[in-house]
Structure formats: structure tokens, C-alpha cells
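**Q** Sharing protein28.cif (mmCIF, C-alpha atoms) below.
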```
data_start
#
loop_
_atom_site.label_atom_id
_atom_site.label_comp_id
_atom_site.auth_asym_id
_atom_site.auth_seq_id
_atom_site.Cartn_x
_atom_site.Cartn_y
_atom_site.Cartn_z
CA MET A 109 23.23 -9.87 10.46
CA LYS A 110 23.23 -13.68 10.46
CA ASN A 111 19.56 -13.69 11.44
CA THR A 112 18.81 -11.16 8.69
CA LYS A 113 20.56 -13.30 6.10
CA PHE A 114 18.74 -16.38 7.27
CA SER A 115 15.35 -14.68 7.14
CA TYR A 116 16.00 -13.36 3.63
CA LEU A 117 17.07 -16.80 2.41
CA ALA A 118 14.18 -18.43 4.23
CA LEU A 119 11.68 -16.09 2.55
CA ILE A 120 13.13 -16.94 -0.85
CA ILE A 121 12.86 -20.68 -0.15
CA ILE A 122 9.29 -20.28 1.13
CA HIS A 123 8.25 -18.52 -2.07
CA ALA A 124 9.86 -21.18 -4.21
CA LEU A 125 7.91 -23.79 -2.22
CA ILE A 126 4.68 -21.82 -2.71
CA ALA A 127 5.16 -22.10 -6.47
CA MET A 128 5.76 -25.85 -6.21
CA ALA A 129 2.72 -26.37 -4.00
CA VAL A 130 0.43 -24.41 -6.31
CA PHE A 131 1.81 -26.25 -9.35
CA VAL A 132 0.94 -29.60 -7.74
CA VAL A 133 -2.39 -28.48 -6.21
CA PRO A 134 -3.73 -25.50 -8.24
CA PHE A 135 -6.58 -24.82 -5.80
CA LEU A 136 -3.99 -23.68 -3.25
CA SER A 137 -3.63 -20.51 -5.31
CA LYS A 138 -7.04 -19.31 -4.15
CA ILE A 139 -6.14 -20.05 -0.52
CA TYR A 140 -2.85 -18.19 -0.99
CA SER A 141 -4.73 -15.25 -2.52
CA ALA A 142 -7.19 -15.07 0.38
CA LEU A 143 -4.41 -15.43 2.97
CA ILE A 144 -2.52 -12.43 1.55
CA LEU A 145 -5.59 -10.27 2.08
CA ILE A 146 -6.43 -11.66 5.54
CA VAL A 147 -2.88 -11.62 6.91
CA GLY A 148 -2.26 -8.19 5.40
CA PHE A 149 -5.39 -6.81 7.09
CA ILE A 150 -4.39 -8.29 10.45
CA ILE A 151 -0.89 -6.81 10.21
CA VAL A 152 -2.14 -3.31 9.39
CA TYR A 153 -4.92 -3.48 11.98
CA GLN A 154 -2.61 -4.59 14.77
CA THR A 155 0.17 -2.11 13.98
CA LYS A 156 -2.19 0.77 13.18
CA ASN A 157 0.11 1.38 10.21
CA ARG A 158 2.80 2.90 12.44
CA ASN A 159 5.57 2.00 10.01
CA ASN A 160 3.65 2.22 6.72
CA GLU A 161 2.83 -1.48 6.76
CA VAL A 162 0.19 -0.89 4.09
CA LEU A 163 2.99 -0.24 1.60
CA LEU A 164 4.54 -3.63 2.33
CA VAL A 165 1.18 -5.40 2.00
CA ALA A 166 0.27 -3.53 -1.19
CA ALA A 167 3.72 -4.21 -2.67
CA TYR A 168 3.32 -7.91 -1.96
CA LEU A 169 -0.09 -7.95 -3.65
CA VAL A 170 1.36 -6.18 -6.69
CA GLY A 171 4.21 -8.69 -6.94
CA ALA A 172 1.83 -11.64 -6.58
CA GLU A 173 -0.85 -10.45 -9.02
CA VAL A 174 0.42 -12.13 -12.19
CA PHE A 175 1.17 -15.36 -10.29
CA LEU A 176 -2.39 -15.38 -8.95
CA ARG A 177 -3.82 -14.69 -12.38
CA MET A 178 -1.89 -17.42 -14.15
CA THR A 179 -2.75 -20.00 -11.47
CA GLY A 180 -6.42 -19.10 -11.05
CA GLY A 181 -6.01 -17.48 -7.63
CA ASN A 182 -7.51 -14.15 -8.64
CA PHE A 183 -11.15 -13.90 -7.59
CA ASN A 184 -11.61 -11.46 -10.50
CA ASN A 185 -9.30 -9.53 -12.81
CA GLU A 186 -9.49 -6.35 -10.73
CA TYR A 187 -9.00 -8.12 -7.40
CA VAL A 188 -5.48 -6.83 -6.68
CA LYS A 189 -6.28 -3.26 -7.80
CA PHE A 190 -9.27 -3.18 -5.44
CA ALA A 191 -7.17 -4.73 -2.65
CA VAL A 192 -4.37 -2.18 -3.09
CA THR A 193 -6.94 0.64 -3.11
CA PHE A 194 -8.48 -0.74 0.09
CA PHE A 195 -5.14 -0.91 1.90
CA MET A 196 -4.19 2.60 0.79
CA LEU A 197 -7.48 3.90 2.20
CA MET A 198 -6.84 1.93 5.37
CA GLY A 199 -3.39 3.53 5.59
CA MET A 200 -4.90 6.99 5.23
CA PHE A 201 -7.38 6.21 7.99
CA TYR A 202 -4.56 5.39 10.41
CA SER A 203 -1.84 7.76 9.17
CA ASN A 204 -3.64 10.61 7.41
CA PHE A 205 -2.25 12.10 4.18
CA SER A 206 -0.75 15.31 2.81
CA SER A 207 -3.12 18.01 1.57
CA ILE A 208 -0.99 18.18 -1.60
CA GLY A 209 -2.50 14.82 -2.49
CA LEU A 210 -5.74 16.60 -3.34
CA ILE A 211 -4.25 17.18 -6.81
CA TYR A 212 -5.02 13.50 -7.43
CA CYS A 213 -8.59 14.04 -6.27
CA PHE A 214 -8.81 16.60 -9.07
CA PHE A 215 -7.43 13.90 -11.41
CA LEU A 216 -10.34 11.66 -10.36
CA VAL A 217 -12.82 14.50 -11.00
CA LEU A 218 -11.45 14.79 -14.54
CA LEU A 219 -12.58 11.20 -15.16
CA VAL A 220 -16.24 12.01 -14.43
CA PRO A 221 -17.26 13.58 -17.81
CA ALA A 222 -16.23 10.43 -19.70
CA ILE A 223 -18.17 8.30 -17.20
CA LEU A 224 -21.28 10.38 -17.90
CA MET A 225 -20.66 10.07 -21.65
CA ALA A 226 -20.39 6.30 -21.34
CA THR A 227 -23.60 5.91 -19.35
CA ALA A 228 -25.51 8.27 -21.64
CA PHE A 229 -24.40 7.05 -25.06
CA SER A 230 -23.45 3.41 -24.64
CA ASP A 231 -25.19 0.76 -26.72
CA PRO A 232 -27.83 -1.26 -24.81
CA SER A 233 -25.87 -4.42 -25.58
CA THR A 234 -22.73 -3.03 -23.91
CA ASP A 235 -22.00 -4.15 -20.36
CA ILE A 236 -21.26 -0.62 -19.18
CA LYS A 237 -20.62 -1.64 -15.57
CA LYS A 238 -17.93 -4.10 -16.67
CA ALA A 239 -16.42 -1.52 -19.04
CA LEU A 240 -16.22 1.08 -16.25
CA PHE A 241 -14.60 -1.32 -13.79
CA PHE A 242 -12.09 -2.57 -16.35
CA ASN A 243 -10.99 0.86 -17.51
CA LEU A 244 -11.22 2.89 -14.30
CA SER A 245 -9.87 0.44 -11.71
CA GLY A 246 -6.29 1.26 -12.75
CA PRO A 247 -6.56 5.08 -12.69
CA VAL A 248 -8.53 5.01 -9.41
CA CYS A 249 -5.97 2.66 -7.82
CA LEU A 250 -3.18 5.00 -8.95
CA ALA A 251 -4.90 8.12 -7.59
CA ILE A 252 -5.67 6.60 -4.17
CA ALA A 253 -2.16 5.15 -3.85
CA ALA A 254 -0.69 8.52 -4.87
CA ILE A 255 -2.75 10.39 -2.28
CA TYR A 256 -1.37 8.07 0.40
CA THR A 257 2.29 8.20 -0.68
CA ILE A 258 2.73 11.83 -1.73
CA LYS A 259 5.34 13.53 0.50
CA ARG A 260 5.21 10.66 3.01
CA ASN A 261 8.59 10.35 4.74
CA ILE A 262 10.38 7.04 4.50
CA LEU A 263 13.95 5.77 4.89
CA PHE A 264 15.81 4.43 1.89
CA SER A 265 16.27 1.09 3.68
CA ASP A 266 12.51 0.89 4.30
CA PHE A 267 11.89 1.64 0.63
CA GLN A 268 14.11 -1.32 -0.20
CA ASN A 269 11.97 -3.51 2.04
CA ILE A 270 8.96 -2.46 -0.04
CA LEU A 271 10.80 -3.57 -3.18
CA ILE A 272 11.73 -6.90 -1.58
CA SER A 273 8.10 -7.41 -0.57
CA MET A 274 7.19 -6.89 -4.23
CA GLY A 275 10.01 -9.11 -5.45
CA LEU A 276 9.39 -12.22 -3.34
CA PRO A 277 6.20 -13.28 -5.19
CA VAL A 278 8.10 -12.73 -8.45
CA ILE A 279 10.32 -15.61 -7.32
CA SER A 280 7.18 -17.76 -7.04
CA THR A 281 6.17 -16.67 -10.53
CA THR A 282 9.57 -17.54 -11.98
CA VAL A 283 9.76 -20.95 -10.30
CA TYR A 284 6.22 -21.72 -11.50
CA LEU A 285 7.22 -20.82 -15.07
CA PHE A 286 10.13 -23.25 -14.85
CA LEU A 287 7.87 -26.04 -13.53
CA TYR A 288 5.26 -25.31 -16.20
CA ASN A 289 7.83 -25.35 -18.97
CA PRO A 290 11.31 -26.57 -17.96
CA SER A 291 12.53 -26.99 -21.55
CA VAL A 292 12.33 -23.80 -23.59
CA LYS A 293 13.79 -25.48 -26.69
CA ASP A 294 10.74 -27.72 -27.06
CA VAL A 295 8.14 -24.95 -27.32
CA VAL A 296 9.84 -22.02 -29.09
CA THR A 297 9.07 -22.26 -32.80
CA GLY A 298 8.56 -18.63 -33.83
CA THR A 299 9.21 -15.04 -32.79
CA GLN A 300 5.75 -14.21 -31.49
CA SER A 301 5.03 -13.82 -27.77
CA ASN A 302 5.06 -17.31 -26.29
CA PHE A 303 2.26 -18.49 -24.01
CA GLU A 304 3.99 -21.79 -23.19
CA THR A 305 7.05 -20.10 -21.71
CA SER A 306 4.70 -17.67 -19.93
CA GLY A 307 2.93 -20.31 -17.86
CA GLY A 308 -0.01 -20.46 -20.25
CA PHE A 309 -0.84 -16.85 -19.42
CA GLY A 310 -0.46 -13.51 -21.21
CA PRO A 311 3.24 -13.01 -22.05
CA ASN A 312 2.87 -9.23 -21.87
CA GLN A 313 1.81 -9.24 -18.22
CA VAL A 314 4.32 -11.95 -17.30
CA SER A 315 7.25 -10.08 -18.84
CA THR A 316 6.08 -6.88 -17.11
CA ILE A 317 6.30 -8.39 -13.62
CA LEU A 318 9.53 -10.23 -14.43
CA GLY A 319 11.06 -6.96 -15.68
CA LEU A 320 10.10 -5.39 -12.36
CA GLY A 321 11.64 -8.37 -10.57
CA MET A 322 14.88 -7.83 -12.52
CA PHE A 323 15.10 -4.33 -11.10
CA VAL A 324 14.31 -5.43 -7.54
CA PHE A 325 17.06 -8.04 -7.40
CA PHE A 326 19.54 -5.91 -9.31
CA SER A 327 19.16 -3.22 -6.66
CA GLN A 328 19.55 -5.90 -3.98
CA LEU A 329 22.70 -7.14 -5.69
CA ILE A 330 24.58 -3.86 -5.97
CA LEU A 331 23.33 -2.05 -2.86
CA PHE A 332 22.47 -4.62 -0.21
CA SER A 333 24.68 -7.65 -0.83
CA LYS A 334 27.07 -7.29 2.07
CA SER A 335 28.66 -10.73 1.72
CA LYS A 336 29.78 -13.01 -1.11
CA LYS A 337 26.96 -15.44 -0.31
CA LEU A 338 24.35 -12.70 -0.65
CA MET A 339 25.97 -11.50 -3.89
CA ILE A 340 25.81 -15.00 -5.36
CA LEU A 341 22.21 -15.45 -4.19
CA ASN A 342 20.97 -12.13 -5.60
CA ALA A 343 22.95 -12.53 -8.83
CA SER A 344 21.45 -16.01 -9.31
CA LEU A 345 17.92 -14.68 -8.78
CA LEU A 346 18.57 -11.81 -11.19
CA ILE A 347 19.91 -14.14 -13.89
CA PHE A 348 17.08 -16.67 -13.45
CA ILE A 349 14.36 -14.01 -13.61
CA THR A 350 15.97 -12.25 -16.59
CA TYR A 351 16.25 -15.49 -18.55
CA ARG A 352 12.64 -16.49 -17.96
CA GLY A 353 11.58 -12.95 -18.87
CA LEU A 354 13.49 -13.01 -22.14
CA VAL A 355 12.02 -16.33 -23.28
CA THR A 356 8.45 -15.07 -22.90
CA PHE A 357 9.32 -13.29 -26.20
CA SER A 358 7.38 -10.27 -24.92
CA ARG A 359 9.77 -7.36 -25.22
CA GLY A 360 8.00 -4.57 -23.35
CA GLY A 361 8.53 -5.76 -19.80
CA ILE A 362 12.18 -6.69 -20.30
CA ILE A 363 13.06 -3.42 -22.04
CA THR A 364 11.33 -1.61 -19.17
CA GLY A 365 13.33 -3.57 -16.58
CA VAL A 366 16.59 -2.72 -18.36
CA ALA A 367 15.58 0.96 -18.54
CA MET A 368 14.90 0.97 -14.78
CA ILE A 369 18.33 -0.52 -14.09
CA CYS A 370 20.00 2.07 -16.33
CA CYS A 371 18.19 4.88 -14.46
CA LEU A 372 19.35 3.51 -11.12
CA LEU A 373 22.96 3.25 -12.29
CA TYR A 374 22.80 6.82 -13.58
CA PHE A 375 21.46 8.16 -10.27
CA LEU A 376 24.03 6.25 -8.24
CA TYR A 377 26.87 7.46 -10.47
CA ARG A 378 25.65 11.04 -10.40
CA ASN A 379 25.35 11.06 -6.60
CA SER A 380 28.82 9.61 -5.99
CA ASN A 381 32.08 11.49 -5.55
CA ALA A 382 35.25 10.75 -7.54
CA LYS A 383 36.29 7.86 -5.31
CA GLY A 384 32.81 6.36 -5.43
CA ARG A 385 32.58 6.71 -9.22
CA SER A 386 35.76 4.71 -9.69
CA LYS A 387 33.95 1.70 -8.19
CA PHE A 388 31.29 1.91 -10.87
CA VAL A 389 33.70 0.55 -13.48
CA LEU A 390 33.42 -2.81 -11.71
CA ILE A 391 29.62 -2.52 -11.39
CA PHE A 392 29.20 -1.65 -15.07
CA ALA A 393 31.50 -4.51 -16.08
CA MET A 394 29.65 -7.00 -13.85
CA THR A 395 26.26 -5.85 -15.18
CA ALA A 396 27.40 -6.07 -18.80
CA LEU A 397 28.91 -9.52 -18.25
CA MET A 398 25.72 -10.89 -16.72
CA GLY A 399 23.64 -9.34 -19.49
CA VAL A 400 25.78 -10.84 -22.24
CA GLY A 401 25.78 -14.21 -20.47
CA VAL A 402 21.99 -14.38 -20.12
CA TRP A 403 21.46 -13.18 -23.69
CA THR A 404 23.91 -15.74 -25.09
CA TYR A 405 22.30 -18.60 -23.17
CA SER A 406 18.82 -17.46 -24.30
CA TYR A 407 20.08 -17.24 -27.87
CA PHE A 408 21.18 -20.87 -27.91
CA GLN A 409 18.11 -22.10 -26.01
CA THR A 410 15.83 -20.48 -28.60
CA SER A 411 17.99 -21.40 -31.61
CA GLY A 412 18.62 -17.72 -32.33
CA LEU A 413 14.92 -16.79 -32.44
CA ILE A 414 15.24 -14.42 -29.46
CA GLU A 415 17.67 -12.27 -31.47
CA LYS A 416 15.20 -12.16 -34.36
CA ARG A 417 12.40 -11.21 -31.98
CA TYR A 418 14.26 -8.19 -30.65
CA ALA A 419 15.35 -7.28 -34.19
CA ASN A 420 11.63 -7.31 -35.15
CA LYS A 421 12.00 -10.21 -37.58
CA ASP A 422 9.98 -13.36 -38.12
CA ALA A 423 11.36 -16.89 -37.78
CA LEU A 424 12.69 -16.77 -41.36
CA GLY A 425 14.57 -13.53 -40.71
CA ARG A 426 12.21 -11.26 -42.63
CA GLU A 427 11.58 -7.85 -41.07
CA LYS A 428 8.03 -7.36 -39.82
CA LYS A 429 6.00 -4.43 -41.13
CA ASP A 430 4.91 -3.26 -37.68
CA ARG A 431 7.22 -2.86 -34.69
CA LEU A 432 4.63 -3.03 -31.91
CA GLY A 433 2.82 -6.28 -32.67
CA GLY A 434 -0.18 -4.62 -34.34
CA ARG A 435 -0.62 -2.00 -31.63
CA GLU A 436 0.14 0.84 -34.05
CA GLU A 437 -3.22 0.30 -35.76
CA ILE A 438 -5.08 0.40 -32.43
CA MET A 439 -3.22 3.54 -31.35
CA GLY A 440 -3.93 5.18 -34.71
CA ALA A 441 -7.63 4.37 -34.39
CA GLU A 442 -7.73 5.82 -30.86
CA ILE A 443 -6.06 9.03 -31.99
CA LYS A 444 -8.62 9.27 -34.79
CA LEU A 445 -11.43 8.85 -32.23
CA PHE A 446 -9.87 11.66 -30.17
CA LEU A 447 -9.77 13.97 -33.20
CA ASN A 448 -13.44 13.23 -33.83
CA ASP A 449 -14.41 14.01 -30.19
CA PRO A 450 -11.53 16.13 -28.80
CA VAL A 451 -13.35 17.69 -25.84
CA LEU A 452 -15.35 14.98 -24.07
CA GLY A 453 -14.07 11.86 -25.84
CA VAL A 454 -16.20 8.85 -26.68
CA GLY A 455 -16.74 7.76 -23.07
CA VAL A 456 -15.07 5.30 -20.71
CA GLY A 457 -14.70 1.84 -22.20
CA LEU A 458 -16.38 2.72 -25.49
CA SER A 459 -13.26 3.13 -27.64
CA LYS A 460 -13.04 -0.66 -27.85
CA TYR A 461 -16.43 -0.77 -29.57
CA LYS A 462 -15.96 2.43 -31.59
CA ARG A 463 -12.81 0.99 -33.10
CA LEU A 464 -14.95 -1.79 -34.58
CA GLU A 465 -16.25 0.76 -37.07
CA LEU A 466 -12.72 1.83 -38.01
CA MET A 467 -10.79 -1.47 -37.87
CA LYS A 468 -13.56 -4.05 -38.26
CA GLU A 469 -11.92 -5.81 -35.31
CA GLU A 470 -12.68 -5.62 -31.59
CA ALA A 471 -9.50 -5.26 -29.52
CA ALA A 472 -8.68 -3.85 -26.11
CA SER A 473 -6.20 -1.02 -25.94
CA HIS A 474 -2.63 -1.70 -24.83
CA ASN A 475 -1.80 1.99 -24.49
CA GLU A 476 -3.23 3.96 -21.59
CA ILE A 477 -2.25 7.33 -23.08
CA THR A 478 -4.11 6.94 -26.36
CA ARG A 479 -7.01 5.30 -24.49
CA MET A 480 -7.30 8.37 -22.23
CA LEU A 481 -7.19 10.62 -25.29
CA SER A 482 -9.93 8.75 -27.14
CA GLU A 483 -12.21 8.12 -24.14
CA HIS A 484 -11.63 11.28 -22.04
CA GLY A 485 -10.71 13.87 -24.68
CA LEU A 486 -9.36 17.17 -23.33
CA PHE A 487 -9.98 16.00 -19.76
CA GLY A 488 -7.74 13.01 -20.48
CA ILE A 489 -4.93 15.33 -21.57
CA LEU A 490 -5.27 17.38 -18.39
CA GLY A 491 -5.31 14.20 -16.30
CA PHE A 492 -2.19 12.84 -17.94
CA LEU A 493 -0.39 16.16 -17.47
CA ILE A 494 -1.10 15.95 -13.73
CA LEU A 495 0.34 12.44 -13.62
CA PHE A 496 3.40 13.41 -15.65
CA VAL A 497 4.33 16.75 -14.08
CA THR A 498 3.57 16.25 -10.37
CA PRO A 499 6.37 13.75 -9.60
CA PHE A 500 9.01 16.04 -11.14
CA ILE A 501 7.79 19.06 -9.17
CA LEU A 502 8.11 17.02 -5.98
CA TYR A 503 11.51 15.66 -6.97
CA VAL A 504 13.02 19.16 -6.87
CA ASN A 505 13.00 18.86 -3.06
CA ASN A 506 13.35 15.07 -2.97
CA ARG A 507 16.80 14.49 -4.48
CA GLN A 508 17.61 11.60 -2.14
CA HIS A 509 15.01 9.43 -3.86
CA LEU A 510 17.49 7.32 -5.86
CA TYR A 511 14.69 5.15 -7.27
CA PHE A 512 12.56 8.08 -8.42
CA LEU A 513 13.35 7.93 -12.13
CA SER A 514 13.32 4.13 -12.23
CA CYS A 515 9.79 4.04 -10.78
CA PHE A 516 8.59 6.81 -13.08
CA VAL A 517 10.04 5.09 -16.15
CA PHE A 518 8.37 1.81 -15.17
CA TRP A 519 4.98 3.53 -15.04
CA LEU A 520 5.46 5.45 -18.28
CA LEU A 521 6.77 2.53 -20.35
CA THR A 522 4.35 -0.02 -18.90
CA ILE A 523 1.23 2.02 -19.66
CA ASN A 524 2.49 2.26 -23.25
CA HIS A 525 2.64 -1.50 -23.85
CA ALA A 526 0.40 -3.08 -21.20
CA ALA A 527 -1.95 -0.20 -20.27
CA MET A 528 -3.07 -0.56 -16.63
CA ARG A 529 -4.25 -4.15 -16.72
CA THR A 530 -2.33 -4.91 -13.55
CA ALA A 531 -1.87 -2.87 -10.38
CA ALA A 532 1.91 -2.64 -10.88
CA PRO A 533 2.12 0.64 -12.87
CA ALA A 534 -0.34 2.35 -10.50
CA PHE A 535 1.50 1.32 -7.33
CA VAL A 536 5.04 1.86 -8.65
CA TYR A 537 4.01 5.32 -9.88
CA ALA A 538 2.88 6.13 -6.33
CA LEU A 539 6.33 5.12 -5.04
CA CYS A 540 7.76 8.07 -7.04
CA LEU A 541 5.99 10.43 -4.67
CA LEU A 542 7.49 9.19 -1.40
CA SER A 543 9.88 11.54 0.39
CA VAL A 544 12.94 9.32 0.78
CA LYS A 545 15.76 9.94 3.25
CA ILE A 546 18.96 8.02 2.67
CA LYS A 547 20.54 5.93 5.36
CA ILE A 548 23.53 5.14 3.19
CA PRO A 549 24.21 1.43 2.59
CA GLU A 550 27.82 0.32 2.94
CA LYS A 551 28.05 -0.36 -0.78
CA ILE A 552 27.61 3.33 -1.58
CA GLU A 553 29.14 4.89 1.48
CA ASN A 554 31.00 7.30 -0.78
CA ALA A 555 27.79 8.66 -2.29
CA ASN A 556 26.87 12.25 -1.57
CA SER A 557 23.45 12.44 0.01
#
```
Would you encode the structure as C-alpha cells?
**A**
Amino acid sequence: MKNTKFSYLALIIIHALIAMAVFVVPFLSKIYSALILIVGFIIVYQTKNRNNEVLLVAAYLVGAEVFLRMTGGNFNNEYVKFAVTFFMLMGMFYSNFSSIGLIYCFFLVLLVPAILMATAFSDPSTDIKKALFFNLSGPVCLAIAAIYTIKRNILFSDFQNILISMGLPVISTTVYLFLYNPSVKDVVTGTQSNFETSGGFGPNQVSTILGLGMFVFFSQLILFSKSKKLMILNASLLIFITYRGLVTFSRGGIITGVAMICCLLYFLYRNSNAKGRSKFVLIFAMTALMGVGVWTYSYFQTSGLIEKRYANKDALGREKKDRLGGREEIMGAEIKLFLNDPVLGVGVGLSKYKRLELMKEEAASHNEITRMLSEHGLFGILGFLILFVTPFILYVNNRQHLYFLSCFVFWLLTINHAAMRTAAPAFVYALCLLSVKIKIPEKIENANS
């Protein structure tokens, strides 16, 4: 156990040092990015994926994506999605896959009509290849990852290792944010999403990965902290990540992280007996105390503006007309496009340009559901139904998957505020489909498997 503790602490320190090194020498981000791919390939090749190593590598890539983007390490915006897809295919080559996964092949087939529509009816000035890559890389990544994970047996402890692999680069992201902007008070002047506190990058994507990091280290805290030192370490990481997530002033990712934590607490409570449930009073109290503490500190650091942000008010305390930062208009326009072309849709990537006629403003969609409706029509509805229903059908015989609902909620909420711009919603969705067997941690030894 001492060696395990040391290695966990050492990994945390290493990832903090990575952030410092990249902050001082930005070019190191590209080297770091390339090393993840090279080292990941070597690991999978040498092990022949005997222990689902591709999931660890893919999880690490997902956790590192926003850090790589904000520091210039991404070779292109779809780099991590393509890398995750590659490793999932590599995993299937070594470890095969369940025939049930063919349902996601059908999902991919449903995307074809909109691709044909786009190539046939796009404007000559439209970069159709770029539009296809941008809009289809997420769904394709999700489908390939889902085919690999569906009904694949894995231990609960191994699942936690996947989460840790995803969480370690989030530590790098958080440390980098602190180095980029150590004093929040100096840069927060309004209630809009803040690029300064988000490392100069998109606050929406930053808060999304930090919200995921909140969940990772919360689960570490309550399930795998077997000593006071580990409890203090994981609690500190959770508090640090939550604070930096809040001060991005982007609400979607943080609300999603809180929802994931609530789902986990519900599942743990439901699967515990009377003696086990009595211990949850302490867990609930500890969680509430940390939440209030972080919120209070954030409130004073932002001079009360964070409270106004979550109350949907401007800096003067006036309530804003829209609650989703202007996304309602985009969603409304996409629904209107769907009603105009309900069967085939307008074609992949073309809703962005079609909305110009309705809104007089070119803007990318933040909502994957309305985008699928407008661009894929009826086929988009069928595709979304497959994505929504399949995990619940599998869960009927997969009740030991304590993270099932948390992963599903992350996917569903994230595609509603950040679409599929990162690989995170695609990969975390695929984690819903794993067949998890519990090897009960000491912290929940009273739980009923």
C-alpha cells in the first residue's frame, strides 16, 4: 500500500510539473502531445491489450485534450478524437468486440444520408471536407468507442484506474490555469464567461473538463481514500479543481460535475444496507461543507459576481433575458431548419450556414441534439434514440455499474451545452456500456453488490 500511495502522489506531482514546464516553455506542449500518442501505442502494442490498456490511454488523451488545446499542443482540433478512435480500433484488433456493438454500426449508417445531402447541396464556397470532419468526428469517435466497450467485462477497481488516468491531466490543466492567472480578483469584472481565468481558452471547454475532474477526485475521496493523508490529498485536489472551474464563469461544466456527483451518491446510497446508509450522513455533511466552503471563497474572490452569474444576472444585478447565453436563438433556428426539412435534414455541417438566413449571424451549434435534428432530420432522431436507449437496456443486467448514471448524465448534459467539440462526451458515454463487476472497496464494504 505504501508503494501505491507513493506512486499516486508521484503521478500528481509529475502532472503539476508538466503544467509548470509547459507554462515556461510552451513548445513542450507539442512534445507532450506526441509522447502521449507514442507511449500509448507502445504500451498497447507490447501488452496486446490484455488488460484493456487502450481504455487507460484513451482516458488519458481525453483528460489532456483541453490542456493541449489551450497550450497549443493539439496538432489539429480533432486530434484527440482521431487518436481515441485509433486506439479503440487497435483494442478491437487485439481483443475483439461484442456483436451487440453492431447497433452502433447502424448508428453510423444513419449518418450517411446527411453526408450525401451535404456533398450534393453545399455551396461551392463551403469547405465541405472541414465541415464533415468537424461535425462527424465526435459521433464517429463515440460509435467506435461504444463498439469496443459494449458488454466488455471490467472490475470496478480497474474502472477507477480509467478515471484516474483521465483525471491526472486535469491536474495539469488546473495548475496551468493558476499559473496563467493566479489572482482571480484582478480579471473578473463581469458575469460573462471569463477567458482570463480559463487560461486564455474557451471557458466552456475548460469548465467541462474541470467538471469531469471534480467527479474523478470526488469518487477517489469517498471510495478510495484509505488513509487520512489520502483523504486530505484528494479533498485538496477536489477543492482546487472546483474553485478554478467556478471562476471560469462557465456554468455548464460545473453543473454537470455536480450532477455526476449527485448520481454517484444516489447509487451508493441505494446499494447500501441500513448500516451502510447511516455512514452517508457523514459523507453528505462533508460534501455539503466543502461545497459551501468553495462557493463562499469564490464569492469573495469575485466580489459576489459568481452568485450573479449563477442567478443569470449581469454585473449590476439585472436579470438577463436569455438563460443560456444566446444559445436559445441558435437552438430555435435549428429546430426551424428541422421543421423545414424533417426527413433528410439540411446536410452535415450546413446548419451553420443555413442559420445565416434566419439569424443574420454565423455561429456554430452548442447543442448536439438540435444539430442532429437540423442536419440529419428523421435519421438524426433515430440515431439519438439508439444512443439514449441502448445504455439503459444494458443496465438492466449491469446493476453493479455504480458510475453508469454519472457517465450517462455527463454525456447528455455536455452535448447540450458544448456539443461534441471535445472527445470527452464520446468516451465517457462509451464507459456507460462496460460490464462492471464490483470488487468492493473498504469504504463501502457494507454495500450490497
**Q** For this file, the PyMOL selection byres ((chain A and resi 297-312) around 7) selects which residues, as a list in words?
**A** Met178, Leu285, Tyr288, Asn289, Val292, Val295, Val296, Gln313, Val314, Ser315, Thr316, Val355, Thr356, Phe357, Ser358, Gly361, Leu413, Ile414, Lys416, Arg417, Asp422, Ala423 and Ala526 of chain A
**Q** Just to confirm, what's the straight-line distance from CA of Ala527 in chain A to CA of Ile363 in chain A in Å (one decimal)?
**A** 15.5 Å
**Q** Would you translate the PyMOL selection byres ((chain A and resi 371) around 12) into the concrete set of residues it matches in this file, as a list in words?
**A** Phe323, Ser327, Thr364, Gly365, Val366, Ala367, Met368, Ile369, Cys370, Leu372, Leu373, Tyr374, Phe375, Leu376, Tyr377, Arg378, His509, Leu510, Tyr511, Phe512, Leu513, Ser514, Cys515, Phe516, Val517 and Phe518 of chain A
**Q** Residues at most 9 Å from Val162 in chain A, counting all atoms listed in the file, excluding those fewer than 4 positions away in the same chain, as a list in words?
**A**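 Close residues of Val162 in chain A: Gly148, Phe149, Ile151, Val152, Asn157, Ala166, Ala167, Val192, Phe195, Met196, Met198 and Gly199 of chain A.
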**Q** Apply the PyMOL selection byres ((chain A and resi 497-506) around 7) to the displayed file and report the matching residues as a count of residues only.
**A** 11
**Q** Could you check which of A:Lys387, A:Lys189, A:Arg158, A:Lys259 is closest to Glu173 in chain A, using only C-alpha atoms?
**A**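 Smallest separation from Glu173 in chain A among the options: A:Lys189.
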**Q** Within 9 Å of (-18.2, 1.2, -23.1) (file coordinates; all atoms listed in the file), which protein or nucleic acid residues are there? I'd like them as a VMD selection string.
**A** chain A and resid 226 to 227 229 to 231 234 to 240 454 to 462
**Q** Skip range 399-402 of chain A itself and residues of its chain fewer than 6 positions away, then list as a PyMOL selection string all residues within 9 Å of it, counting all atoms listed in the file.
**A** chain A and resi 347-348+350-351+354
**Q** Show which residues sit within 9 Å of Met528 in chain A, as a list in words. Count only C-alpha atoms, and ignore same-chain residues fewer than 6 positions away.
**A**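 Surrounding residues, per the criterion: Asn243, Ser245, Gly246, Pro247, His474, Asn475, Glu476, Thr522 and Ala534 of chain A.
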**Q** Between CA of His484 in chain A and CA of Ser207 in chain A, measure the distance and give it in Å to one decimal.
**A**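 Interatomic distance here is 26.0 Å.
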**Q** Just to confirm, what's the straight-line distance from CA of Leu539 in chain A to CA of Val188 in chain A in Å (one decimal)?
**A**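 Distance reported for this atom pair: 16.9 Å.
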**Q** Step by step: start from the point (6.3, -5.4, -6.8) in the file's coordinates, keep every protein, DNA or RNA residue that has an atom no farther than 6 Å from it, count all atoms listed in the file, and write the set as an MDAnalysis selection string.
**A** chainID A and resid 167 170:171 274:275
